Structure formats: structure tokens, C-alpha cells
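Chemist: One structure, pasted below without further comment.
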Amino acid sequence: MTRAGLVAAAALPLVAGALALGAQSATADQPSGRQLLNGTKPAWATAQADKGSAADSGKVTARVYLAGQDAKGLAAYAAAVSDPNSASYGKYLTASQVQARYGATKAQIAEVTGWLKSAGLKVTGTSQHYITVTGDVAAAEKAFGTQLHNYTKGGKVYHAPATTASAPASLKGAVLTVTGLDNAPKTSKHDDELPPPDAVFKNAGPFSSYYGSKTNTSLPDAYGTKAPYAIQGYTGAQLRAAYGAGKYTGKGVRVAITDAYASPYIAQDAAEYAKRNGDQKYKKGQLTQVLPSDFNSTDICGASGWYGEETLDVEAVHAVAPDADIVYVAGASCYDNDLLDALNKVVDGHLADIVSNSWGDVEANETPDVAAAYDQVFQQGAVEGIGFYFSSGDAGDNVASTGVKQADTPGNSPWATSVGGTSLAVGKNDKYQWETGWGTKKAVLSADGKTWTGFPGPYTSGAGGGTSSLYAQPFYQRGVVPDSLALANGGTVKQRVEPDIAAVADPNTGFLVGQTQTFPDGSLQYSEYRIGGTSLACPVIAGVQALAQQARHGIAIGFANPSIYNNYGTSAYHDVTDHPLGQGRDLAVVRVDFANAFDASEGTITSLRSLGKDASLNATVGYDDVTGVGTPSKGYVTSTLPQRTHGGR
């Protein structure tokens with residue numbers, strides 16, 4: 001998983017029922033006496049790439065995820081308890097009740113363990129969610145009823161199942177799925193120490209203190225007018241005003257944040273940032289961390305780059321919801337297994353009701369086996385009253401970065417809330433002016449200073465969004481998402497579309513963040529800079545949800561999507577479009593950057609950043625695939641009060 005910029009491979013075909021993925025379904029080629037574990041044969045394991053059988057002595061490390069006692073019942077109750085129009089709405093269960101009613105039993109775990117051992121695999125770990133095993137290829141083939149072949153992928157050779165893996169039918173559906181039967185880049189190396197922070201980044205300026213406050217009239221026109229300088233970075237007061245915080249502060253609410261690794265400087269950086277920027281001082285115990293026993297894969301995952309992600313998430317949540325408690329739950333690496341472990345810790349211990357996750361990947365890199373494991377966590381969370389929020393991505397439709405138009409994951413899950421992004425204008429006296437969908441084109445100032453070279457310039461980045469190829473349309477999107485989007489992939493089956501909701505993400509109208517960084521002389525110093533991405537939008541929405549939960553007198557919102565769509569078209573949202581000042585009136589800001597990203601010793605670069613130009617995606621009137629239903633308005637925080645429900649969709 002990545003923090004923001006995403007990569008892709010080949011698309012994987014998975015179609016699940018609306019808000020139902022978890023129980024494996026029978027198919028025409030179901031082997032006698034076996035239960036197929038659908039999606040376990042990766043899409044890249046094609047006949048053309050097949051290089052023959054893997055050596056029997058080759059090594060396999062796998063996770064066997066447990067389906068629990070009633071996977072279908074879990075999905076059904078998760079939907080009912082989250083729907084404002086259901087009689088079961090808000091009737092959450094405790095973590096222990098979820099385990100007792102839906103979790104794997106001791107007998108199931110014992111039966112699955114016995115099967116794995118009988119095949120010659122060694123059980124290396126057991127939890128209430130999965131069993132980890134190691135062994136040779138021959139034992140894995142015996143256990144999972146498939147041959148492992150060698151396949152070429154990206155110029156390298158990996159082993160993978162030649163057919164869909166399966167489990168004995170005698171286990172009566174106790175196995176949800178298995179991951180790890182292929183050995184494409186998932187090797188982990190344990191590290192005793194985390195690396196130092198990344199090299200320093202600073203913004204050059206000049207800046208606007210609020211949108212439009214400073215304009216250089218000597219620069220060339222853009223769209224028939226002079227563009228203002230980019231802001232230095234919005235602060236908590238500006239974001240709270242823009243999204244209608246009012247008197248609410250998130251008091252009594254706990255927000256969890258998951259990322260990979262953990263910044264060694266997070267407590268001091270967060271405290272210093274709050275002190276410098278007028279945010280409320282952290283109370284004792286308000287910011288806590290839950291860390292794994294050790295970390296792995298620090299080099300390949302770029303561990304130090306995740307420090308900034310954690311710092312942004314913590315500081316953004318606190319800026320929007322200054323009284324909310326924050327618990328940071330670290331993944332041991334950027335791989336799915338370790339991030340799933342972090343999410344499971346939140347659910348098993350009910351560490352928070354709101355979970356912000358500023359990471360993801362493109363949908364083509366998601367395999368159905370891993371998707372099933374994520375969905376199970378989200379469903380268990382929903383039943384407990386826990387909602388999961390994910391960034392929608394920072395590469396628009398992903399065509400420029402991957403060559404394929406596709407959505408992002410895990411926000412593509414119908415059980416998660418996908419958070420899109422906007423460009424935000426907050427004016428004088430913290431007054432909300434407008435938003436566009438986040439999508440940027442960049443044109444550099446010519447050498448003579450008279451024109452913007454190649455105006456408006458190439459596309460650089462923008463909010464992710466689009467139509468899933470893996471999931472059918474969930475019930476809450478019916479009647480809201482236009483058919484032109486739901487059917488965008490062709491065919492007659494409407495699909496899940498993301499995002500669901502949005503907030504500021506454009507780094508040119510972004511958030512001021514403070515972090516310890518590595519300076520050119522090797523010293524570690526605290527420094528502040530402007531940042532964006534849907535990695536900003538996600539914790540902002542998590543903070544707003546904390547305000548809304550406080551308004552509900554602490555009653556958990558839980559899985560928020562049914563409520564979000566239930567209020568579609570009301571004053572709860574700013575309906576964001578790419579042309580908020582009228583059709584044909586485009587917008588841009590001027591940005592000045594240090595050529596070396598640190599100081600003026602090597603000069604500066606002045607560029608024009610056009611707003612509201614997100615690849616092939618468009619923010620339009622109504623629901624769209626850049627901003628979803630829109631961004632929170634002054635009415636949003638109180639729009640989810642328990643008594644406020646209306647017409648079913």
C-alpha cells in the first residue's frame with residue numbers, strides 16, 4: 001500500500017453482491033468435496049506467462065483467514081445497523097458480542113489447524129482472524145488443492161496457484177480465504193530501528209494568508225485575470241469555519257489513525273504545531289500510540305516517508321476536532337497483512353468509533369482474497385459502530401500514472417467511506433468562499449516573465465475517483481449515483497462508485513503541517529510546510545465526524561455511508577463543481593517553489609496551478625466521481641442526529 005501516489009497491474013474480476021462479500025460462493029467448476037476460495041489465483045498468472053511447475057521444495061508462507069460462524073449474517077447485520085431507515089439502526093454490539101455471535105469458534109480453529117497440519121504445513125501463529133502457516137510447495141499444493149506454477153511478471157518469475165485454491169468442504173465454510181500462495185514482492189525483513197526523517201521540504205512564498213489576499217499584478221494574466229498567490233497553508237480555525245464546526249470540538253470522541261510505521265517525533269511535533277498555530281494544547285493522554293513489537297520492510301516501503309503521513313493525520317484531526325482523543329495504530333509495514341493487523345487491533349479492542357486511513361492502492365493491485373479480508377474487518381467494525389474512512393487517491397482517474405482508468409482501494413469497498421478531494425477557498429475572516437474538485441494543471445513562468453509556458457500545462461495530480469470493477473452498487477448509492485457513472489465500465493450491472501464525500505485536498509490550497517525533518521547539514525529540525533492530497537481530506541473528514549458524533553451526544557455514527565447518502569441533496573453539503581463562479585470562469589493560483597526544495601541558493605520556480613481540472617473526472621452538480629455527495633456545510637455536523645431520518649432509497 002502507498003501513502004498517496006499509486007501504481008497498478010492488471011485488473012482482477014470480482015463481482016460481489018451489494019454490501020455482501022465474505023462468504024465464498026459455489027461455481028460450476030467446484031471440485032468434489034472442496035470449497036473454492038475465489039480470487040486466490042492472481043490475474044497475472046496467465047497461460048502465456050506460465051513457465052511450468054514450481055519446485056516441490058520451494059517455500060510458501062500463507063495466511064488462512066477464518067470466515068467465522070455466520071459470514072452472511074455478519075454482512076446483513078452490518079448493513080441493517082448502519083442504515084438510518086432500518087429498525088436495527090444504531091443497535092451496535094460490543095467487540096466480545098461480535099466475536100461470540102460471528103467470530104470463529106475454538107472448534108473451527110481446531111479443525112482448520114488440523115487440516116493444515118495434516119497436509120504437512122507448519123502452523124506458526126493463530127489469532128481469532130487467521131492462521132499463519134509455512135511449508136514447502138508440495139504441502140501447500142496438497143492443502144489447497146491446486147498446483148503452484150512459475151509465472152513471469154514484470155520481468156521476474158514468481159510462483160502462484162495455477163487454479164483457484166480450495167479448502168475441504170468438510171470444514172463447512174470455516175475458511176474465508178488464503179493469501180500468500182503467490183510470492184510476488186511480499187518478502188519482509190525485520191528491522192530493529194526506524195530510519196531518520198526524510199530530507200527537509202519548505203515552501204518558498206510569497207503567500208496569501210487567506211485565499212486571494214496577495215496578488216502580483218506584474219505576472220501574466222490567467223483566464224482573463226490575475227491569479228493570487230497560493231496560501232501559506234490553512235490552519236485549524238480556517239478549516240473549522242469552512243466545514244461548519246460551530247461550537248463542537250469532538251469532546252468525548254476518540255479517533256483512530258492507521259498508517260505504516262511510527263514517527264519517533266510525533267508527540268513533540270504535534271505539540272509544537274499546536275502551540276505555533278493557535279490549536280488547543282494536547283491534554284495528558286489525548287494522543288496515544290499502539291505499536292507492533294517490531295517493524296519490517298522499511299527500505300522497500302520508504303518508512304521515513306510515512307512519518308509525514310502520520311504527522312499530517314494527527315495534526316489535521318486535532319486542528320478540526322481539538323478535544324477528540326487520538327490513538328495512532330501503526331502497521332508493521334506497508335503491506336496488506338500488517339495494515340490488516342492494525343485495523344483488526346482497532347476492531348478487536350474497539351479503540352475508536354472513527355478510523356482515518358490515508359493510504360491505498362489502485363484497484364488493479366487488489367486481489368479478491370485480500371479484499372475479502374478487508375471487508376470482513378469493515379463489517380465487524382460496522383456492527384460495533386466503527387466507521388472506516390479512506391483516501392480516494394491522488395492521481396485522478398489513474399490513467400496518467402498507470403495507463404488504465406480505475407478506482408482506488410480499499411476505499412472501493414462498499415463497507416468503507418471513500419474521501420475525495422477539493423480545492424478550497426477560505427477568504428477574509430475565515431469565510432467560506434467556494435470549492436472546486438481537486439485537479440491540477442501546471443504551467444511554468446517563461447524566462448522573460450511574460451507568459452505561462454504551454455498554458456495551462458500538463459496534468460499533475462488530482463482527487464481519485466471512479467467506478468469499481470470489483471464491487472456491485474451498494475444499496476445506499478441507488479437513486480443518487482448517476483447511471484452514467486454506475487455503468488461506466490460497460491454492461492448492465494451497476495457498480496460501486498467512489499468517492500462518497502470530500503474535503504480539501506489540493507496542495508495548492510492545502511493545510512499547514514509541522515514536522516521534524518532532516519536538514520542538508522544532517523541536523524534534525526522542526527519545520528512547517530503546506531501539504532495536501534486526499535491524505536489530508538481523509539483526516540479532515542474524520543475530524544468533522546468527531547464533531548458530528550459529539551452533536552449526537554456521543555452516540556456512534558458507525559459505518560457512515562448510509563447516513564451520508566440519506567442526506568444527499570440537503571443543506572448538509574456544499575455541492576462542489578469545477579466552476580463555482582460560473583461556467584467558463586476558470587480559476588488558478590500562483591505558486592513559487594525553491595528549485596532545491598529547501599532554500600533560494602539555487603533559485604526559485606514560479607508556476608501557475610489551474611484548479612478544477614482532474615484528468616477525465618469532473619465535479620458536477622449533484623453526485624460526482626471527484627467529490628461524491630459534496631463537502632460538509634454548516635448543517636452537516638447536526639445532520640446525522642439519531643432522530644433525523646427520512647425516505648428510504
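The way I read the labels, and the way they are meant: chains A, B, ... in the order of the C-alpha cells, residue 1 as the first residue of every chain, and ligand 1 as the first ligand shown, with later ones counted on from there.
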Residues of region 406-519 of chain A within 9 Å of region 558-580 of chain A: nearest atom pair and distance (Å, one decimal) for each, counting only C-alpha atoms, sorted by chain and number, as a Markdown table?

Modeler:
```
| residue | atom | partner | partner_atom | distance |
| --- | --- | --- | --- | --- |
| A:Pro414 | CA | A:Asn561 | CA | 8.6 |
| A:Trp415 | CA | A:Phe559 | CA | 7.3 |
| A:Ala416 | CA | A:Phe559 | CA | 7.4 |
| A:Thr417 | CA | A:Asn561 | CA | 6.1 |
| A:Thr422 | CA | A:Val576 | CA | 8.1 |
| A:Trp434 | CA | A:Pro580 | CA | 6.3 |
| A:Glu435 | CA | A:Val576 | CA | 5.9 |
| A:Thr436 | CA | A:Asp578 | CA | 4.5 |
| A:Gly437 | CA | A:Asp578 | CA | 5.5 |
| A:Trp438 | CA | A:Asp578 | CA | 8.4 |
| A:Phe475 | CA | A:Pro562 | CA | 8.3 |
| A:Tyr476 | CA | A:Pro562 | CA | 5.3 |
| A:Gln477 | CA | A:Tyr565 | CA | 6.9 |
| A:Val480 | CA | A:Tyr565 | CA | 7.5 |
| A:Asp500 | CA | A:Asn561 | CA | 7.2 |
| A:Ile501 | CA | A:Ile564 | CA | 7.7 |
```

Chemist: Filtering to N, CA, C and O atoms, could you give me those residues as a short mmCIF file (atom, residue, chain, number, x, y, z; two decimals), in the first residue's frame?

Modeler:
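This is the output file again_1.cif:
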```cif
data_model
loop_
_atom_site.label_atom_id
_atom_site.label_comp_id
_atom_site.auth_asym_id
_atom_site.auth_seq_id
_atom_site.Cartn_x
_atom_site.Cartn_y
_atom_site.Cartn_z
N PRO A 414 -17.55 -1.36 -0.58
CA PRO A 414 -18.85 -0.78 -0.21
C PRO A 414 -19.02 -0.65 1.30
O PRO A 414 -19.98 -0.04 1.76
N TRP A 415 -18.07 -1.19 2.06
CA TRP A 415 -18.12 -1.10 3.52
C TRP A 415 -17.23 -0.01 4.07
O TRP A 415 -17.13 0.15 5.29
N ALA A 416 -16.57 0.74 3.21
CA ALA A 416 -15.68 1.83 3.63
C ALA A 416 -16.19 3.15 3.08
O ALA A 416 -16.88 3.18 2.06
N THR A 417 -15.83 4.25 3.73
CA THR A 417 -16.17 5.58 3.24
C THR A 417 -14.97 6.14 2.50
O THR A 417 -13.90 6.34 3.08
N THR A 422 -10.92 18.37 -2.79
CA THR A 422 -11.29 19.65 -3.41
C THR A 422 -10.14 20.65 -3.33
O THR A 422 -9.19 20.47 -2.58
N TRP A 434 -15.68 29.15 -1.77
CA TRP A 434 -16.09 28.12 -2.74
C TRP A 434 -15.10 26.96 -2.72
O TRP A 434 -14.04 27.03 -2.09
N GLU A 435 -15.46 25.90 -3.41
CA GLU A 435 -14.56 24.79 -3.67
C GLU A 435 -14.72 24.33 -5.10
O GLU A 435 -15.79 24.46 -5.70
N THR A 436 -13.64 23.79 -5.65
CA THR A 436 -13.69 23.06 -6.92
C THR A 436 -13.24 21.64 -6.65
O THR A 436 -12.67 21.34 -5.60
N GLY A 437 -13.50 20.75 -7.60
CA GLY A 437 -12.87 19.44 -7.50
C GLY A 437 -11.37 19.60 -7.63
O GLY A 437 -10.89 20.43 -8.41
N TRP A 438 -10.61 18.83 -6.85
CA TRP A 438 -9.15 18.96 -6.94
C TRP A 438 -8.63 18.27 -8.20
O TRP A 438 -8.77 17.08 -8.37
N PHE A 475 -26.54 -0.57 -1.71
CA PHE A 475 -27.91 -0.05 -1.64
C PHE A 475 -27.95 1.45 -1.44
O PHE A 475 -28.84 2.14 -1.95
N TYR A 476 -27.01 2.00 -0.67
CA TYR A 476 -27.09 3.42 -0.34
C TYR A 476 -26.78 4.33 -1.52
O TYR A 476 -27.08 5.53 -1.47
N GLN A 477 -26.19 3.80 -2.59
CA GLN A 477 -25.90 4.63 -3.76
C GLN A 477 -27.03 4.62 -4.78
O GLN A 477 -27.02 5.43 -5.72
N VAL A 480 -28.93 7.86 -6.24
CA VAL A 480 -28.08 9.02 -6.04
C VAL A 480 -26.98 9.08 -7.09
O VAL A 480 -26.77 10.11 -7.73
N ASP A 500 -17.29 8.98 -1.69
CA ASP A 500 -18.60 9.19 -1.07
C ASP A 500 -18.79 10.62 -0.60
O ASP A 500 -19.88 11.17 -0.67
N ILE A 501 -17.75 11.24 -0.09
CA ILE A 501 -17.76 12.59 0.45
C ILE A 501 -16.39 13.18 0.21
O ILE A 501 -15.48 12.46 -0.22
#
```

Chemist: Taking the chain letters and numbering used in this document, name the residues of region 536-625 of chain A that DSSP puts in alpha helix (DSSP H), as a ChimeraX atom specification.

Modeler: /A:536-551,561-566

Chemist: Please report, as JSON, numbers by chain, each residue of region 90-293 of chain A to which DSSP assigns strand (DSSP E) when run on this structure's backbone.

Modeler: {"A": [122, 123, 124, 125, 126, 130, 131, 132, 133, 134, 135, 136, 148, 149, 150, 151, 152, 153, 156, 157, 158, 159, 160, 161, 166, 167, 168, 175, 176, 177, 178, 179, 190, 191, 254, 255, 256, 257, 258, 259, 260, 287, 288, 289, 290]}

Chemist: Please compute the CA of Phe455 (chain A)-CA of Arg609 (chain A) distance, one decimal, in Å.

Modeler: 9.8 Å

Chemist: Just the residues within 12 Å of Gly68 (chain A), please, counting only C-alpha atoms, with nothing from its chain fewer than 4 positions along; format it as a ChimeraX atom specification.

Modeler: /A:22-23,72-75,98-109,112,128-130,171-177,373,376-377,380

Chemist: Determine the nearest neighbour of Gly628 (chain A) from the options A:Glu498, A:Asp521, A:Asp269, A:Asp586, counting only C-alpha atoms.

Modeler: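 Nearest candidate to Gly628 (chain A) out of A:Glu498, A:Asp521, A:Asp269, A:Asp586: A:Glu498.
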
Chemist: Given the choices A:Gly212, A:Ser297, A:Thr492, A:Thr134, which gets closest to Lys226 (chain A) if the distance is worked out from only C-alpha atoms?

Modeler: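 Nearest to Lys226 (chain A): A:Gly212.
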
Chemist: Which polymer residues have any atom within 6 Å of an atom of region 231-248 of chain A, counting only C-alpha atoms, with same-chain residues fewer than 4 positions away left out, as a ChimeraX atom specification?

Modeler: /A:207-210,319-320,430,432,510-512,530,547,632-634

Chemist: Here is a test: counting only C-alpha atoms, which residue of A:Ala588, A:Ala463, A:Val629, A:Val544 is nearest to Lys251 (chain A)?

Modeler: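 Nearest to Lys251 (chain A): A:Val544.
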
Chemist: Set the distance at 9 Å and use only C-alpha atoms: which residues neighbour Ala615 (chain A) once local chain neighbours fewer than 2 positions away are removed? I'd like the list as a list in words.

Modeler: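 My list of contacting residues is Ala395, Gly396, Asp397, Asn398, Val399, Ala400, Gly439, Thr440, Tyr459, Thr460, Ser461, Gly462, Lys613, Leu617 and Asn618 of chain A.
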
Chemist: Would you mind listing what lies within 12 Å of region 139-142 of chain A as number ranges by chain, with only C-alpha atoms counted and same-chain residues fewer than 6 positions away left out?

Modeler: A: 53-64, 115-122, 133, 148-149, 159-168, 178-182

Chemist: Please measure the separation of CA of Leu291 (chain A) and CA of Leu340 (chain A), giving the value in Å to one decimal.

Modeler: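 Pair CA of Leu291 (chain A) / CA of Leu340 (chain A) returns 13.6 Å.
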
Chemist: Taking only C-alpha atoms into account, which of A:Val419, A:Val253, A:Ala87, A:Ala43 comes nearest Pro499 (chain A)?

Modeler: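 Once distances to Pro499 (chain A) are computed over only C-alpha atoms, the minimum belongs to A:Val419.
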
Chemist: Restricting the calculation to only C-alpha atoms: of A:Gln433, A:Ser82, A:Ser639, A:Ser263, which residue gets closest to Gly305 (chain A)?

Modeler: A:Ser263

Chemist: Of the candidates A:Tyr89, A:Tyr471, A:Phe201, A:Tyr151, which one gets nearest to Pro368 (chain A) if we count only C-alpha atoms?

Modeler: A:Tyr471

Chemist: Fewer than 3 positions away in the same chain doesn't count, so skip those; otherwise give me all residues within 7 Å of region 466-468 of chain A, counting only C-alpha atoms, as a list of chain:residue names.

Modeler: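 The neighbour list is A:Asp397, A:Gln406, A:Ala407, A:Asn412, A:Tyr471, A:Leu485, A:Ala486, A:Ala488, A:Asn489, A:Gln495, A:Arg496, A:Val497, A:Glu498, A:Asp625.
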
Chemist: CA of Asn508 (chain A) to CA of Phe598 (chain A): how many Å, to one decimal?

Modeler: 17.5 Å
